[in-house]
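Engineer: Just dropping this structure here.
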Amino acid sequence: MTLPRSADKSTAVLPTECVIENAQSLKAGLLEVLDDETITGVDVSRVERIDLSGIQILAAAMTTEPKGGRIVGFRGSFGKSASESIALSGYESRFADFWR
């Protein structure tokens with residue numbers, strides 16, 4: 001899955017659901033982001049639903065060094081339900097470091 005891009009092409013936009021059913025395509029899309037030197041952000045504002053597999057994939061991607069040594073960070077805020085899932089997972093403090 002190629003993640004959609006913002007109008008200026010510098011930010012990849014996550015889908016509304018980051019769950020086990022789309023885990024492989026989410027992982028593939030994030031690997032493309034890490035390989036594309038023009039992308040500096042991942043917009044999380046559309047994410048309404050996320051489960052532990054989605055949380056782990058995002059955490060792994062955000063702790064992987066992108067091509068070119070650039071910094072890729074989160075943009076926007078997760079939806080309420082997604083934020084609650086992240087808090088319950090114990091990843092909330094870890095995700096706080098990914099906003100750039």
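For the structure tokens, the naming scheme is as follows: chains receive sequential letters (A, B, ...) according to their order of presentation, residues are indexed from 1 within each chain, and ligands are indexed from 1 in presentation order.
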Run DSSP on the backbone of this structure and report the residues of region 41-89 of chain A it assigns to strand (DSSP E), as number ranges by chain.
Structural biologist: A: 41-43, 49-50, 73-75
Engineer: If you keep C-alpha atoms, can you produce a file of those selected residues as a compact mmCIF listing (two decimals), in the first residue's frame?
Structural biologist:
```txt
# COMPACT_ATOMS: atom_id res chain seq x y z
CA GLY A 41 6.17 13.49 8.34
CA VAL A 42 3.40 10.97 8.94
CA ASP A 43 -0.07 12.49 9.44
CA ARG A 49 -9.05 2.87 15.12
CA ILE A 50 -5.74 1.22 15.99
CA GLY A 73 7.85 12.59 12.80
CA PHE A 74 4.13 12.42 13.49
CA ARG A 75 1.86 15.27 12.40
```
Engineer: Pick out the residues sitting within 10 Å of Ser83 (chain A), and hand them over as a PyMOL selection string; count only C-alpha atoms, and ignore anything fewer than 2 positions along from it in its own chain.
Structural biologist: chain A and resi 47-50+77-81+85-89+92
Engineer: Please dump the current selection as a compact mmCIF listing (two decimals), in the first residue's frame; keep C-alpha atoms.
Structural biologist:
```txt
# COMPACT_ATOMS: atom_id res chain seq x y z
CA VAL A 47 -6.54 7.35 12.45
CA GLU A 48 -9.76 6.50 14.27
CA ARG A 49 -9.05 2.87 15.12
CA ILE A 50 -5.74 1.22 15.99
CA SER A 77 -3.36 14.03 16.58
CA PHE A 78 -4.81 10.54 16.71
CA GLY A 79 -8.60 10.28 16.96
CA LYS A 80 -10.11 9.82 20.43
CA SER A 81 -10.59 6.04 20.19
CA SER A 85 -6.04 2.39 22.57
CA ILE A 86 -2.49 3.78 22.55
CA ALA A 87 -2.81 4.82 26.21
CA LEU A 88 -4.09 1.37 27.19
CA SER A 89 -1.26 -0.31 25.29
CA GLU A 92 1.66 6.53 24.93
```
Engineer: Which is closest to Gly76 (chain A) among A:Ser25, A:Val44, A:Pro15, A:Leu31, if we use only C-alpha atoms?
Structural biologist: A:Val44
Engineer: Can you list, as a ChimeraX atom specification, every protein, DNA or RNA residue that comes within 9 Å of Thr63 (chain A) when you count only C-alpha atoms, leaving out same-chain residues fewer than 4 positions away?
Structural biologist: /A:58-59,98
Engineer: What lies within 10 Å of Gly54 (chain A) using only C-alpha atoms, ignoring chain neighbours under 6 positions off, as a list in words?
Structural biologist: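 Listing them by chain and then by number gives Glu17, Cys18, Val19, Ile20, Glu21, Asn22, Ala23, Gln24, Leu26, Lys27, Ala60 and Ile86 of chain A.
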Engineer: The selected residues should be written to file as a PDB file, in the first residue's frame (atoms: N, CA and C atoms).
Structural biologist:
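In the end it all went to out08.pdb:
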```pdb
ATOM      1  N   GLU A  17      -7.987   3.211   9.730  1.00  0.00           N
ATOM      2  CA  GLU A  17      -7.826   2.017  10.552  1.00  0.00           C
ATOM      3  C   GLU A  17      -6.429   1.436  10.392  1.00  0.00           C
ATOM      4  N   CYS A  18      -5.726   1.330  11.503  1.00  0.00           N
ATOM      5  CA  CYS A  18      -4.396   0.706  11.540  1.00  0.00           C
ATOM      6  C   CYS A  18      -4.535  -0.527  12.430  1.00  0.00           C
ATOM      7  N   VAL A  19      -5.039  -1.590  11.833  1.00  0.00           N
ATOM      8  CA  VAL A  19      -5.387  -2.795  12.586  1.00  0.00           C
ATOM      9  C   VAL A  19      -4.781  -4.027  11.923  1.00  0.00           C
ATOM     10  N   ILE A  20      -4.883  -5.154  12.599  1.00  0.00           N
ATOM     11  CA  ILE A  20      -4.249  -6.379  12.121  1.00  0.00           C
ATOM     12  C   ILE A  20      -4.682  -6.752  10.706  1.00  0.00           C
ATOM     13  N   GLU A  21      -5.919  -6.439  10.336  1.00  0.00           N
ATOM     14  CA  GLU A  21      -6.404  -6.772   9.006  1.00  0.00           C
ATOM     15  C   GLU A  21      -5.617  -6.080   7.892  1.00  0.00           C
ATOM     16  N   ASN A  22      -5.042  -4.928   8.170  1.00  0.00           N
ATOM     17  CA  ASN A  22      -4.246  -4.233   7.150  1.00  0.00           C
ATOM     18  C   ASN A  22      -2.787  -4.051   7.583  1.00  0.00           C
ATOM     19  N   ALA A  23      -2.333  -4.889   8.499  1.00  0.00           N
ATOM     20  CA  ALA A  23      -0.982  -4.757   9.057  1.00  0.00           C
ATOM     21  C   ALA A  23       0.109  -4.851   7.990  1.00  0.00           C
ATOM     22  N   GLN A  24      -0.005  -5.803   7.080  1.00  0.00           N
ATOM     23  CA  GLN A  24       1.031  -5.970   6.053  1.00  0.00           C
ATOM     24  C   GLN A  24       1.106  -4.766   5.129  1.00  0.00           C
ATOM     25  N   LEU A  26       0.065  -1.697   5.848  1.00  0.00           N
ATOM     26  CA  LEU A  26       0.535  -0.566   6.645  1.00  0.00           C
ATOM     27  C   LEU A  26       2.058  -0.607   6.770  1.00  0.00           C
ATOM     28  N   LYS A  27       2.579  -1.781   7.057  1.00  0.00           N
ATOM     29  CA  LYS A  27       4.034  -1.946   7.160  1.00  0.00           C
ATOM     30  C   LYS A  27       4.709  -1.580   5.835  1.00  0.00           C
ATOM     31  N   ALA A  60       7.727   0.612  15.508  1.00  0.00           N
ATOM     32  CA  ALA A  60       8.903   0.065  14.825  1.00  0.00           C
ATOM     33  C   ALA A  60       9.346   0.992  13.693  1.00  0.00           C
ATOM     34  N   ILE A  86      -3.932   3.583  22.354  1.00  0.00           N
ATOM     35  CA  ILE A  86      -2.492   3.779  22.547  1.00  0.00           C
ATOM     36  C   ILE A  86      -2.177   3.918  24.036  1.00  0.00           C
TER      37      ILE A  86
END
```
Engineer: Please run DSSP on the backbone and report, as a VMD selection string, all residues within region 29-69 of chain A that come out as alpha helix (DSSP H).
Structural biologist: chain A and resid 29 to 35 52 to 62
Engineer: Rounded to one decimal in Å, what is the spacing between CA of Arg5 (chain A) and CA of Ile39 (chain A)?
Structural biologist: 8.7 Å
Engineer: Just to confirm, what's the straight-line distance from CA of Thr64 (chain A) to CA of Glu32 (chain A) in Å (one decimal)?
Structural biologist: 12.2 Å
Engineer: With distances taken over only C-alpha atoms, which of A:Ile71, A:Ser53, A:Thr40, A:Asp97 is nearest to Asp8 (chain A)?
Structural biologist: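 Among the listed residues, the smallest separation from Asp8 (chain A) belongs to A:Thr40.
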Engineer: At what distance in Å, to one decimal, does CA of Leu30 (chain A) lie from CA of Leu3 (chain A)?
Structural biologist: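 Interatomic distance, CA of Leu3 (chain A) to CA of Leu30 (chain A): 7.7 Å.
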Engineer: Kindly indicate which residue among A:Met1, A:Ala82, A:Leu34, A:Val13 lies nearest to Ala61 (chain A), using only C-alpha atoms for the distances.
Structural biologist: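 Smallest distance to Ala61 (chain A) is found for A:Leu34.
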